[in-house]
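Novice: Attaching a single structure in structure tokens format; questions to follow.
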Amino acid sequence: MSANILVNDLRCESLQNPIGIDTKQPQLSWKLIAKRHGVLQSAYQVQVSKTITWDEFVWDSGKVLSDNSIAVKYVGQALESRQRYFWRVRIWDENDSPSGWSMVAFWEMGLLNPNDWAAHWIEPEQDAAKPEPPINMFQNLGTISPQPDADYARLNPAQYLRKEFSAQKTVAKARIYATAHGIYQLSLNGARIGDIELAPEITAYDSYLQYQTYDVTKMLATGKNVLGAILGDGWYRGRIGLPGDSCQYGDKLALLLKLEIEYEDGSRETIISDESFKSSTGALVYADLFIGERYDATLENTGWDRLGFEDSAWKNVNTANFGYNNLVAQYGEPLRIVQEIKPVAIIKTPNGETVV
């Protein structure tokens with residue numbers, strides 16, 4: 001055995017230990033670290049198991065004579081929705097000496113079939129957005145219409161949604177699968193879920209709409225909990241493209257969400273988006289990718305996504321039948337905040353403008 005070669009940086013679909021993928025033949029990659037020069041891979045072996053004890057194999061490639069370590073396609077048993085798969089690799093070098101097994105990596109499948117969802121698309125009670133009037137972009141190049149102060153009425157408030165539910169047993173595993181018409185941000189008991197920005201990102205929504213998977217196992221409390229969501233226009237009904245056209249895909253915001261809870265005793269519970277959610281508007285008076293955001297702190301619903309909030313004045317939601325056939329799992333790295341730039345000065349120009 002070649003003790004001087006380490007197989008590491010295992011990636012599935014170019015991601016480290018992804019959850020919620022829906023590629024039925026994911027591509028696997030790895031790297032080599034060696035203490036000597038001139039090391040070449042002459043063969044590899046990949047093993048994939050449903051258990052980390054390696055007693056339920058779904059694929060063992062055996063020894064494959066190949067120097068390829070990039071995008072090796074999984075060709076084992078059919079993969080199952082929600083299942084976590086553990087995998088490891090070893091290689092043989094140019095002298096046909098095997099390395100040790102790599103550290104164990106994993107991937108977890110998302111919802112592979114439309115009937116896995118069983119949740120409802122829900123739309124808060126809201127006014128339908130008004131499409132932007134046609135403009136000649138050659139005559140108006142560089143002009144974004146409308147101007148917030150001049151045409152405030154055509155900008156749309158963000159929608160806030162909440163639902164209280166109970167988890168009465170000790171939680172072993174919990175996943176949220178979610179997407180939206182518009183962009184969305186989720187919270188659980190007042191804490192933000194995940195760090196993804198502008199989910200579900202921009203796609204041709206009528207053809208394919210990404211959903212995201214979140215591990216919320218450690219966020220659930222035993223007893224009562226509150227799910228919260230904020231919806232903004234995003235690329236769905238907000239202004240996009242050079243002329244700033246709106247309502248490209250629809251004129252109302254909507255949420256689709258499924259929370260699956262597995263308890264330590266083996267029982268399961270599912271919370272879905274349905275008529276039991278309630279909705280309102282709040283401090284985000286408008287939030288548009290082109291125009292920007294207006295936040296009015298006097299309209300804040302303090303504690304809206306926590307237990308004990310009085311939501312009797314909040315409105316019911318409506319269900320809609322958009323189906324699931326265009327849903328695909330998030331692929332690639334999502335948008336995240338990687339750096340915050342703090343202002344070093346705030347100045348006034350001779351014209352009285354404030355510059356940060």
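Each chain in the structure tokens gets a letter, A, B and so on, in the order shown; residues start at 1 in every chain, and ligands are counted from 1 in the order they appear.
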Using DSSP on the backbone, list every residue of stretch 144-282 of chain A that comes out as strand (DSSP E), and give them as a PDB file with N, CA, C and O atoms, in the first residue's frame.
Specialist:
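In the end it all went to states.pdb:
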```
ATOM      1  N   GLN A 159     -44.190  40.545   1.178  1.00  0.00           N
ATOM      2  CA  GLN A 159     -45.243  39.802   1.872  1.00  0.00           C
ATOM      3  C   GLN A 159     -44.612  38.959   2.983  1.00  0.00           C
ATOM      4  O   GLN A 159     -43.594  38.300   2.779  1.00  0.00           O
ATOM      5  N   TYR A 160     -45.225  39.002   4.173  1.00  0.00           N
ATOM      6  CA  TYR A 160     -44.758  38.249   5.329  1.00  0.00           C
ATOM      7  C   TYR A 160     -45.746  37.109   5.605  1.00  0.00           C
ATOM      8  O   TYR A 160     -46.958  37.322   5.600  1.00  0.00           O
ATOM      9  N   LEU A 161     -45.220  35.911   5.849  1.00  0.00           N
ATOM     10  CA  LEU A 161     -46.072  34.761   6.155  1.00  0.00           C
ATOM     11  C   LEU A 161     -45.587  34.083   7.425  1.00  0.00           C
ATOM     12  O   LEU A 161     -44.388  34.071   7.714  1.00  0.00           O
ATOM     13  N   ARG A 162     -46.514  33.492   8.171  1.00  0.00           N
ATOM     14  CA  ARG A 162     -46.151  32.789   9.396  1.00  0.00           C
ATOM     15  C   ARG A 162     -47.093  31.608   9.634  1.00  0.00           C
ATOM     16  O   ARG A 162     -48.236  31.609   9.171  1.00  0.00           O
ATOM     17  N   LYS A 163     -46.571  30.629  10.370  1.00  0.00           N
ATOM     18  CA  LYS A 163     -47.388  29.482  10.773  1.00  0.00           C
ATOM     19  C   LYS A 163     -46.804  28.903  12.047  1.00  0.00           C
ATOM     20  O   LYS A 163     -45.596  28.660  12.151  1.00  0.00           O
ATOM     21  N   GLU A 164     -47.648  28.664  13.042  1.00  0.00           N
ATOM     22  CA  GLU A 164     -47.236  27.989  14.269  1.00  0.00           C
ATOM     23  C   GLU A 164     -47.561  26.498  14.148  1.00  0.00           C
ATOM     24  O   GLU A 164     -48.578  26.115  13.570  1.00  0.00           O
ATOM     25  N   PHE A 165     -46.682  25.667  14.694  1.00  0.00           N
ATOM     26  CA  PHE A 165     -46.892  24.220  14.675  1.00  0.00           C
ATOM     27  C   PHE A 165     -46.156  23.629  15.873  1.00  0.00           C
ATOM     28  O   PHE A 165     -45.375  24.303  16.549  1.00  0.00           O
ATOM     29  N   SER A 166     -46.369  22.350  16.123  1.00  0.00           N
ATOM     30  CA  SER A 166     -45.766  21.683  17.272  1.00  0.00           C
ATOM     31  C   SER A 166     -44.936  20.485  16.828  1.00  0.00           C
ATOM     32  O   SER A 166     -45.281  19.785  15.875  1.00  0.00           O
ATOM     33  N   ALA A 167     -43.830  20.282  17.529  1.00  0.00           N
ATOM     34  CA  ALA A 167     -43.000  19.078  17.382  1.00  0.00           C
ATOM     35  C   ALA A 167     -42.848  18.495  18.787  1.00  0.00           C
ATOM     36  O   ALA A 167     -42.025  18.963  19.571  1.00  0.00           O
ATOM     37  N   VAL A 171     -36.366  15.347  18.065  1.00  0.00           N
ATOM     38  CA  VAL A 171     -36.157  15.347  16.619  1.00  0.00           C
ATOM     39  C   VAL A 171     -34.826  14.688  16.283  1.00  0.00           C
ATOM     40  O   VAL A 171     -33.782  15.015  16.849  1.00  0.00           O
ATOM     41  N   ALA A 172     -34.861  13.758  15.321  1.00  0.00           N
ATOM     42  CA  ALA A 172     -33.642  13.123  14.832  1.00  0.00           C
ATOM     43  C   ALA A 172     -33.150  13.794  13.558  1.00  0.00           C
ATOM     44  O   ALA A 172     -31.938  13.915  13.331  1.00  0.00           O
ATOM     45  N   LYS A 173     -34.072  14.247  12.713  1.00  0.00           N
ATOM     46  CA  LYS A 173     -33.709  14.836  11.431  1.00  0.00           C
ATOM     47  C   LYS A 173     -34.858  15.708  10.954  1.00  0.00           C
ATOM     48  O   LYS A 173     -36.025  15.342  11.120  1.00  0.00           O
ATOM     49  N   ALA A 174     -34.535  16.857  10.381  1.00  0.00           N
ATOM     50  CA  ALA A 174     -35.579  17.737   9.854  1.00  0.00           C
ATOM     51  C   ALA A 174     -35.044  18.475   8.635  1.00  0.00           C
ATOM     52  O   ALA A 174     -33.937  19.006   8.658  1.00  0.00           O
ATOM     53  N   ARG A 175     -35.827  18.481   7.578  1.00  0.00           N
ATOM     54  CA  ARG A 175     -35.452  19.157   6.342  1.00  0.00           C
ATOM     55  C   ARG A 175     -36.607  20.036   5.875  1.00  0.00           C
ATOM     56  O   ARG A 175     -37.779  19.646   5.952  1.00  0.00           O
ATOM     57  N   ILE A 176     -36.259  21.205   5.370  1.00  0.00           N
ATOM     58  CA  ILE A 176     -37.224  22.059   4.691  1.00  0.00           C
ATOM     59  C   ILE A 176     -36.867  22.100   3.213  1.00  0.00           C
ATOM     60  O   ILE A 176     -35.706  22.318   2.852  1.00  0.00           O
ATOM     61  N   TYR A 177     -37.863  21.868   2.372  1.00  0.00           N
ATOM     62  CA  TYR A 177     -37.746  22.028   0.934  1.00  0.00           C
ATOM     63  C   TYR A 177     -38.632  23.211   0.560  1.00  0.00           C
ATOM     64  O   TYR A 177     -39.816  23.234   0.908  1.00  0.00           O
ATOM     65  N   ALA A 178     -38.070  24.198  -0.133  1.00  0.00           N
ATOM     66  CA  ALA A 178     -38.846  25.423  -0.363  1.00  0.00           C
ATOM     67  C   ALA A 178     -38.445  26.096  -1.664  1.00  0.00           C
ATOM     68  O   ALA A 178     -37.304  25.978  -2.128  1.00  0.00           O
ATOM     69  N   THR A 179     -39.400  26.823  -2.229  1.00  0.00           N
ATOM     70  CA  THR A 179     -39.148  27.699  -3.363  1.00  0.00           C
ATOM     71  C   THR A 179     -40.239  28.759  -3.378  1.00  0.00           C
ATOM     72  O   THR A 179     -41.132  28.758  -2.516  1.00  0.00           O
ATOM     73  N   ALA A 180     -40.188  29.651  -4.356  1.00  0.00           N
ATOM     74  CA  ALA A 180     -41.162  30.746  -4.364  1.00  0.00           C
ATOM     75  C   ALA A 180     -41.304  31.321  -5.758  1.00  0.00           C
ATOM     76  O   ALA A 180     -40.422  31.175  -6.615  1.00  0.00           O
ATOM     77  N   HIS A 181     -42.422  31.987  -5.973  1.00  0.00           N
ATOM     78  CA  HIS A 181     -42.580  32.925  -7.072  1.00  0.00           C
ATOM     79  C   HIS A 181     -42.196  34.282  -6.500  1.00  0.00           C
ATOM     80  O   HIS A 181     -42.927  34.864  -5.714  1.00  0.00           O
ATOM     81  N   ILE A 183     -38.568  36.152  -4.690  1.00  0.00           N
ATOM     82  CA  ILE A 183     -37.467  35.674  -3.867  1.00  0.00           C
ATOM     83  C   ILE A 183     -37.954  35.543  -2.431  1.00  0.00           C
ATOM     84  O   ILE A 183     -38.907  36.213  -2.017  1.00  0.00           O
ATOM     85  N   TYR A 184     -37.328  34.651  -1.677  1.00  0.00           N
ATOM     86  CA  TYR A 184     -37.839  34.371  -0.337  1.00  0.00           C
ATOM     87  C   TYR A 184     -36.697  34.237   0.663  1.00  0.00           C
ATOM     88  O   TYR A 184     -35.552  33.961   0.308  1.00  0.00           O
ATOM     89  N   GLN A 185     -37.058  34.438   1.923  1.00  0.00           N
ATOM     90  CA  GLN A 185     -36.139  34.216   3.040  1.00  0.00           C
ATOM     91  C   GLN A 185     -36.953  33.602   4.173  1.00  0.00           C
ATOM     92  O   GLN A 185     -38.045  34.084   4.492  1.00  0.00           O
ATOM     93  N   LEU A 186     -36.427  32.528   4.761  1.00  0.00           N
ATOM     94  CA  LEU A 186     -37.153  31.784   5.784  1.00  0.00           C
ATOM     95  C   LEU A 186     -36.556  32.017   7.163  1.00  0.00           C
ATOM     96  O   LEU A 186     -35.363  32.307   7.312  1.00  0.00           O
ATOM     97  N   SER A 187     -37.396  31.830   8.183  1.00  0.00           N
ATOM     98  CA  SER A 187     -36.931  31.862   9.570  1.00  0.00           C
ATOM     99  C   SER A 187     -37.664  30.791  10.355  1.00  0.00           C
ATOM    100  O   SER A 187     -38.756  30.352   9.985  1.00  0.00           O
ATOM    101  N   LEU A 188     -37.044  30.369  11.449  1.00  0.00           N
ATOM    102  CA  LEU A 188     -37.646  29.398  12.357  1.00  0.00           C
ATOM    103  C   LEU A 188     -37.430  29.899  13.769  1.00  0.00           C
ATOM    104  O   LEU A 188     -36.292  30.096  14.200  1.00  0.00           O
ATOM    105  N   ALA A 191     -35.091  32.901  14.066  1.00  0.00           N
ATOM    106  CA  ALA A 191     -33.721  32.788  13.562  1.00  0.00           C
ATOM    107  C   ALA A 191     -33.758  32.494  12.072  1.00  0.00           C
ATOM    108  O   ALA A 191     -34.543  31.656  11.613  1.00  0.00           O
ATOM    109  N   ARG A 192     -32.898  33.165  11.335  1.00  0.00           N
ATOM    110  CA  ARG A 192     -32.877  32.953   9.889  1.00  0.00           C
ATOM    111  C   ARG A 192     -32.437  31.533   9.561  1.00  0.00           C
ATOM    112  O   ARG A 192     -31.539  30.979  10.193  1.00  0.00           O
ATOM    113  N   LEU A 209     -37.717  25.879 -12.203  1.00  0.00           N
ATOM    114  CA  LEU A 209     -37.672  26.707 -11.005  1.00  0.00           C
ATOM    115  C   LEU A 209     -36.938  25.923  -9.930  1.00  0.00           C
ATOM    116  O   LEU A 209     -37.342  24.820  -9.573  1.00  0.00           O
ATOM    117  N   GLN A 210     -35.865  26.497  -9.407  1.00  0.00           N
ATOM    118  CA  GLN A 210     -35.075  25.791  -8.405  1.00  0.00           C
ATOM    119  C   GLN A 210     -35.781  25.792  -7.039  1.00  0.00           C
ATOM    120  O   GLN A 210     -36.433  26.759  -6.668  1.00  0.00           O
ATOM    121  N   TYR A 211     -35.612  24.694  -6.310  1.00  0.00           N
ATOM    122  CA  TYR A 211     -35.987  24.681  -4.895  1.00  0.00           C
ATOM    123  C   TYR A 211     -34.734  24.416  -4.079  1.00  0.00           C
ATOM    124  O   TYR A 211     -33.756  23.851  -4.568  1.00  0.00           O
ATOM    125  N   GLN A 212     -34.762  24.854  -2.825  1.00  0.00           N
ATOM    126  CA  GLN A 212     -33.620  24.705  -1.939  1.00  0.00           C
ATOM    127  C   GLN A 212     -33.965  23.755  -0.790  1.00  0.00           C
ATOM    128  O   GLN A 212     -35.126  23.637  -0.399  1.00  0.00           O
ATOM    129  N   THR A 213     -32.946  23.098  -0.263  1.00  0.00           N
ATOM    130  CA  THR A 213     -33.097  22.178   0.862  1.00  0.00           C
ATOM    131  C   THR A 213     -32.302  22.710   2.042  1.00  0.00           C
ATOM    132  O   THR A 213     -31.142  23.094   1.893  1.00  0.00           O
ATOM    133  N   TYR A 214     -32.920  22.732   3.217  1.00  0.00           N
ATOM    134  CA  TYR A 214     -32.296  23.262   4.429  1.00  0.00           C
ATOM    135  C   TYR A 214     -32.351  22.214   5.536  1.00  0.00           C
ATOM    136  O   TYR A 214     -33.398  21.610   5.774  1.00  0.00           O
ATOM    137  N   ASP A 215     -31.231  22.034   6.216  1.00  0.00           N
ATOM    138  CA  ASP A 215     -31.174  21.177   7.395  1.00  0.00           C
ATOM    139  C   ASP A 215     -31.530  22.027   8.616  1.00  0.00           C
ATOM    140  O   ASP A 215     -30.769  22.914   9.011  1.00  0.00           O
ATOM    141  N   GLY A 223     -41.905  21.012  21.250  1.00  0.00           N
ATOM    142  CA  GLY A 223     -43.082  21.800  21.572  1.00  0.00           C
ATOM    143  C   GLY A 223     -43.424  22.723  20.421  1.00  0.00           C
ATOM    144  O   GLY A 223     -43.259  22.390  19.254  1.00  0.00           O
ATOM    145  N   LYS A 224     -43.849  23.943  20.730  1.00  0.00           N
ATOM    146  CA  LYS A 224     -44.330  24.863  19.707  1.00  0.00           C
ATOM    147  C   LYS A 224     -43.174  25.531  18.965  1.00  0.00           C
ATOM    148  O   LYS A 224     -42.131  25.836  19.538  1.00  0.00           O
ATOM    149  N   ASN A 225     -43.402  25.775  17.676  1.00  0.00           N
ATOM    150  CA  ASN A 225     -42.443  26.442  16.804  1.00  0.00           C
ATOM    151  C   ASN A 225     -43.195  27.393  15.881  1.00  0.00           C
ATOM    152  O   ASN A 225     -44.407  27.277  15.710  1.00  0.00           O
ATOM    153  N   VAL A 226     -42.448  28.303  15.269  1.00  0.00           N
ATOM    154  CA  VAL A 226     -43.030  29.236  14.304  1.00  0.00           C
ATOM    155  C   VAL A 226     -42.163  29.273  13.056  1.00  0.00           C
ATOM    156  O   VAL A 226     -40.953  29.514  13.135  1.00  0.00           O
ATOM    157  N   LEU A 227     -42.786  29.020  11.917  1.00  0.00           N
ATOM    158  CA  LEU A 227     -42.141  29.204  10.621  1.00  0.00           C
ATOM    159  C   LEU A 227     -42.480  30.584  10.091  1.00  0.00           C
ATOM    160  O   LEU A 227     -43.639  31.016  10.145  1.00  0.00           O
ATOM    161  N   GLY A 228     -41.473  31.292   9.573  1.00  0.00           N
ATOM    162  CA  GLY A 228     -41.704  32.595   8.972  1.00  0.00           C
ATOM    163  C   GLY A 228     -41.119  32.654   7.581  1.00  0.00           C
ATOM    164  O   GLY A 228     -40.145  31.966   7.264  1.00  0.00           O
ATOM    165  N   ALA A 229     -41.695  33.481   6.712  1.00  0.00           N
ATOM    166  CA  ALA A 229     -41.180  33.670   5.357  1.00  0.00           C
ATOM    167  C   ALA A 229     -41.449  35.100   4.915  1.00  0.00           C
ATOM    168  O   ALA A 229     -42.496  35.675   5.243  1.00  0.00           O
ATOM    169  N   ILE A 230     -40.504  35.679   4.193  1.00  0.00           N
ATOM    170  CA  ILE A 230     -40.680  36.983   3.564  1.00  0.00           C
ATOM    171  C   ILE A 230     -40.515  36.793   2.066  1.00  0.00           C
ATOM    172  O   ILE A 230     -39.556  36.164   1.614  1.00  0.00           O
ATOM    173  N   LEU A 231     -41.444  37.319   1.290  1.00  0.00           N
ATOM    174  CA  LEU A 231     -41.411  37.216  -0.161  1.00  0.00           C
ATOM    175  C   LEU A 231     -41.216  38.591  -0.781  1.00  0.00           C
ATOM    176  O   LEU A 231     -41.876  39.557  -0.388  1.00  0.00           O
ATOM    177  N   GLY A 232     -40.305  38.671  -1.742  1.00  0.00           N
ATOM    178  CA  GLY A 232     -40.089  39.894  -2.508  1.00  0.00           C
ATOM    179  C   GLY A 232     -40.261  39.627  -3.992  1.00  0.00           C
ATOM    180  O   GLY A 232     -40.306  38.472  -4.439  1.00  0.00           O
ATOM    181  N   ALA A 254     -45.808  33.955  -4.412  1.00  0.00           N
ATOM    182  CA  ALA A 254     -46.316  32.697  -3.858  1.00  0.00           C
ATOM    183  C   ALA A 254     -45.173  31.939  -3.200  1.00  0.00           C
ATOM    184  O   ALA A 254     -43.996  32.143  -3.529  1.00  0.00           O
ATOM    185  N   LEU A 255     -45.523  31.043  -2.294  1.00  0.00           N
ATOM    186  CA  LEU A 255     -44.556  30.224  -1.561  1.00  0.00           C
ATOM    187  C   LEU A 255     -44.957  28.758  -1.661  1.00  0.00           C
ATOM    188  O   LEU A 255     -46.146  28.418  -1.599  1.00  0.00           O
ATOM    189  N   LEU A 256     -43.950  27.897  -1.810  1.00  0.00           N
ATOM    190  CA  LEU A 256     -44.146  26.447  -1.728  1.00  0.00           C
ATOM    191  C   LEU A 256     -43.135  25.920  -0.724  1.00  0.00           C
ATOM    192  O   LEU A 256     -41.923  26.151  -0.874  1.00  0.00           O
ATOM    193  N   LEU A 257     -43.615  25.197   0.296  1.00  0.00           N
ATOM    194  CA  LEU A 257     -42.723  24.781   1.386  1.00  0.00           C
ATOM    195  C   LEU A 257     -43.180  23.449   1.961  1.00  0.00           C
ATOM    196  O   LEU A 257     -44.379  23.216   2.117  1.00  0.00           O
ATOM    197  N   LYS A 258     -42.203  22.605   2.274  1.00  0.00           N
ATOM    198  CA  LYS A 258     -42.488  21.349   2.949  1.00  0.00           C
ATOM    199  C   LYS A 258     -41.421  21.111   4.005  1.00  0.00           C
ATOM    200  O   LYS A 258     -40.224  21.112   3.717  1.00  0.00           O
ATOM    201  N   LEU A 259     -41.860  20.910   5.246  1.00  0.00           N
ATOM    202  CA  LEU A 259     -40.974  20.568   6.357  1.00  0.00           C
ATOM    203  C   LEU A 259     -41.232  19.117   6.729  1.00  0.00           C
ATOM    204  O   LEU A 259     -42.353  18.749   7.086  1.00  0.00           O
ATOM    205  N   GLU A 260     -40.197  18.295   6.624  1.00  0.00           N
ATOM    206  CA  GLU A 260     -40.302  16.881   6.993  1.00  0.00           C
ATOM    207  C   GLU A 260     -39.499  16.640   8.262  1.00  0.00           C
ATOM    208  O   GLU A 260     -38.298  16.930   8.318  1.00  0.00           O
ATOM    209  N   ILE A 261     -40.168  16.107   9.285  1.00  0.00           N
ATOM    210  CA  ILE A 261     -39.542  15.850  10.587  1.00  0.00           C
ATOM    211  C   ILE A 261     -39.505  14.350  10.827  1.00  0.00           C
ATOM    212  O   ILE A 261     -40.517  13.662  10.693  1.00  0.00           O
ATOM    213  N   GLU A 262     -38.343  13.853  11.185  1.00  0.00           N
ATOM    214  CA  GLU A 262     -38.192  12.460  11.597  1.00  0.00           C
ATOM    215  C   GLU A 262     -37.788  12.446  13.064  1.00  0.00           C
ATOM    216  O   GLU A 262     -36.785  13.065  13.443  1.00  0.00           O
ATOM    217  N   TYR A 263     -38.590  11.767  13.897  1.00  0.00           N
ATOM    218  CA  TYR A 263     -38.320  11.728  15.327  1.00  0.00           C
ATOM    219  C   TYR A 263     -37.434  10.532  15.670  1.00  0.00           C
ATOM    220  O   TYR A 263     -37.302   9.581  14.891  1.00  0.00           O
ATOM    221  N   ARG A 268     -42.758  10.022  11.924  1.00  0.00           N
ATOM    222  CA  ARG A 268     -42.522  11.166  11.049  1.00  0.00           C
ATOM    223  C   ARG A 268     -43.704  12.130  11.097  1.00  0.00           C
ATOM    224  O   ARG A 268     -44.824  11.741  11.398  1.00  0.00           O
ATOM    225  N   GLU A 269     -43.413  13.366  10.790  1.00  0.00           N
ATOM    226  CA  GLU A 269     -44.443  14.392  10.717  1.00  0.00           C
ATOM    227  C   GLU A 269     -44.094  15.345   9.582  1.00  0.00           C
ATOM    228  O   GLU A 269     -42.919  15.618   9.332  1.00  0.00           O
ATOM    229  N   THR A 270     -45.111  15.856   8.909  1.00  0.00           N
ATOM    230  CA  THR A 270     -44.893  16.757   7.782  1.00  0.00           C
ATOM    231  C   THR A 270     -45.706  18.030   7.975  1.00  0.00           C
ATOM    232  O   THR A 270     -46.894  17.981   8.298  1.00  0.00           O
ATOM    233  N   ILE A 271     -45.051  19.168   7.782  1.00  0.00           N
ATOM    234  CA  ILE A 271     -45.712  20.468   7.808  1.00  0.00           C
ATOM    235  C   ILE A 271     -45.605  21.033   6.392  1.00  0.00           C
ATOM    236  O   ILE A 271     -44.507  21.112   5.830  1.00  0.00           O
ATOM    237  N   ILE A 272     -46.730  21.430   5.794  1.00  0.00           N
ATOM    238  CA  ILE A 272     -46.717  21.913   4.416  1.00  0.00           C
ATOM    239  C   ILE A 272     -47.315  23.318   4.342  1.00  0.00           C
ATOM    240  O   ILE A 272     -48.056  23.747   5.225  1.00  0.00           O
ATOM    241  N   LYS A 278     -50.729  32.418   7.618  1.00  0.00           N
ATOM    242  CA  LYS A 278     -51.321  33.749   7.625  1.00  0.00           C
ATOM    243  C   LYS A 278     -50.307  34.729   7.059  1.00  0.00           C
ATOM    244  O   LYS A 278     -49.099  34.496   7.107  1.00  0.00           O
ATOM    245  N   SER A 279     -50.804  35.854   6.520  1.00  0.00           N
ATOM    246  CA  SER A 279     -49.919  36.780   5.827  1.00  0.00           C
ATOM    247  C   SER A 279     -50.253  38.225   6.160  1.00  0.00           C
ATOM    248  O   SER A 279     -51.366  38.555   6.581  1.00  0.00           O
ATOM    249  N   SER A 280     -49.251  39.075   5.930  1.00  0.00           N
ATOM    250  CA  SER A 280     -49.408  40.509   6.145  1.00  0.00           C
ATOM    251  C   SER A 280     -48.296  41.227   5.394  1.00  0.00           C
ATOM    252  O   SER A 280     -47.414  40.589   4.806  1.00  0.00           O
TER     253      SER A 280
END
```
Novice: Extract, using only C-alpha atoms, all DNA, RNA and protein residues at most 10 Å from A:Ser207, discarding same-chain residues fewer than 6 positions from it, and format them as a PyMOL selection string.
Specialist: chain A and resi 325-328
Novice: Quick check, in Å to one decimal: how far apart do atom CA of A:Trp304 and atom CA of A:Leu284 lie?
Specialist: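 For atom CA of A:Trp304 relative to atom CA of A:Leu284, the distance reads 13.4 Å.
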Novice: Considering only C-alpha atoms, tabulate each residue of stretch 295-351 of chain A that lies at most 6 Å from stretch 117-128 of chain A along with its nearest interatomic pair and the corresponding distance in Å to one decimal; arrange the rows by chain and ascending residue number and present them as a tab-separated table.
Specialist:
```
residue	atom	partner	partner_atom	distance
A:Val317	CA	A:Pro124	CA	4.5
A:Asn318	CA	A:Glu123	CA	5.1
A:Thr319	CA	A:Ile122	CA	4.4
A:Ala320	CA	A:Trp121	CA	5.3
```
Novice: May I ask for the distance between atom CA of A:Ile337 and atom CA of A:Gly241, given in Å to one decimal place?
Specialist: 23.4 Å
Novice: How far is it from atom CA of A:Ser14 to atom CA of A:Gln330, in Å with one decimal?
Specialist: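 Atom-to-atom, atom CA of A:Ser14 and atom CA of A:Gln330 are spaced 12.7 Å apart.
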Novice: Got a sec: who's within 6 Å of stretch 25-40 of chain A, counting only C-alpha atoms, leaving out chain neighbours fewer than 5 positions off, as a list in words?
Specialist: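 Listed by chain and then number, they are Asn4, Ile5, Leu6, Val7, Asn8, Asp9, Leu10, Arg11, Cys12, Glu13, Ser69, Ile70, Ala71, Val72, Lys73, Tyr74, Asp93 and Glu94 of chain A.
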Novice: Need the shell around A:Gly250: protein/DNA/RNA residues with any atom at most 10 Å away, counting only C-alpha atoms. Skip same-chain ones fewer than 4 positions apart. Format as a PDB file with C-alpha atoms, in the first residue's frame?
Specialist:
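Saved as out-v6.pdb:
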```pdb
ATOM      1  CA  ALA A 128     -51.641  42.093  -8.516  1.00  0.00           C
ATOM      2  CA  ALA A 129     -48.526  43.925  -9.639  1.00  0.00           C
ATOM      3  CA  PRO A 131     -46.698  45.762 -15.488  1.00  0.00           C
ATOM      4  CA  HIS A 181     -42.580  32.925  -7.072  1.00  0.00           C
ATOM      5  CA  GLY A 182     -40.403  35.895  -6.257  1.00  0.00           C
ATOM      6  CA  TYR A 205     -39.314  29.960 -14.210  1.00  0.00           C
ATOM      7  CA  ASP A 206     -41.917  28.625 -16.591  1.00  0.00           C
ATOM      8  CA  ASP A 233     -40.612  40.551  -6.205  1.00  0.00           C
ATOM      9  CA  TRP A 235     -36.999  38.252 -11.033  1.00  0.00           C
ATOM     10  CA  TYR A 236     -40.485  36.754 -11.012  1.00  0.00           C
ATOM     11  CA  ARG A 237     -42.527  39.948 -11.076  1.00  0.00           C
ATOM     12  CA  GLY A 238     -39.892  42.632 -10.434  1.00  0.00           C
ATOM     13  CA  SER A 246     -41.787  43.799 -14.782  1.00  0.00           C
ATOM     14  CA  ALA A 254     -46.316  32.697  -3.858  1.00  0.00           C
TER      15      ALA A 254
END
```
Novice: Counting only C-alpha atoms, figure out which residue out of A:Ser273, A:Gly352, A:Val75, A:Gly282 gets nearest to A:Gly303.
Specialist: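 Among A:Ser273, A:Gly352, A:Val75, A:Gly282, it is A:Gly282 that comes nearest to A:Gly303.
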Novice: So, with only C-alpha atoms as the atoms that count, which of A:Gly194, A:Pro134, A:Pro343, A:Gly234 lies closest to A:Met219?
Specialist: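 Among A:Gly194, A:Pro134, A:Pro343, A:Gly234, it is A:Gly194 that comes nearest to A:Met219.
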Novice: Taking only C-alpha atoms into account, name the residue in A:Pro98, A:Gly20, A:Gly323, A:Gly76 that is nearest to A:Gln47.
Specialist: A:Gly76
Novice: Taking only C-alpha atoms into account, name the residue in A:Glu275, A:Asp245, A:Glu201, A:Glu80 that is nearest to A:Lys130.
Specialist: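 Checking each of A:Glu275, A:Asp245, A:Glu201, A:Glu80 against A:Lys130, counting only C-alpha atoms, the winner is A:Asp245.
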Novice: Ranking A:Pro157, A:Pro350, A:Pro18, A:Pro243 by minimum distance to A:Thr281 and counting only C-alpha atoms, which one comes first?
Specialist: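 Smallest distance to A:Thr281 is found for A:Pro157.
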Novice: For A:Arg294, work out the shell of residues within 9 Å, counting only C-alpha atoms and skipping chain neighbours fewer than 5 positions away, then give it as a JSON list (two decimals) with N, CA and C atoms, in the first residue's frame.
Specialist:
```json
[["chain", "number", "residue", "atom", "x", "y", "z"],
["A", 283, "ALA", "N", -42.47, 46.13, 7.27],
["A", 283, "ALA", "CA", -41.56, 47.26, 7.15],
["A", 283, "ALA", "C", -40.95, 47.41, 5.76],
["A", 284, "LEU", "N", -40.92, 46.33, 4.97],
["A", 284, "LEU", "CA", -40.39, 46.42, 3.62],
["A", 284, "LEU", "C", -41.50, 46.95, 2.70],
["A", 285, "VAL", "N", -41.53, 48.25, 2.56],
["A", 285, "VAL", "CA", -42.58, 48.91, 1.79],
["A", 285, "VAL", "C", -42.48, 48.54, 0.31],
["A", 286, "TYR", "N", -41.26, 48.44, -0.18],
["A", 286, "TYR", "CA", -41.01, 47.84, -1.49],
["A", 286, "TYR", "C", -39.59, 47.31, -1.51],
["A", 287, "ALA", "N", -39.36, 46.35, -2.37],
["A", 287, "ALA", "CA", -38.03, 45.75, -2.51],
["A", 287, "ALA", "C", -37.91, 45.27, -3.95]]
```
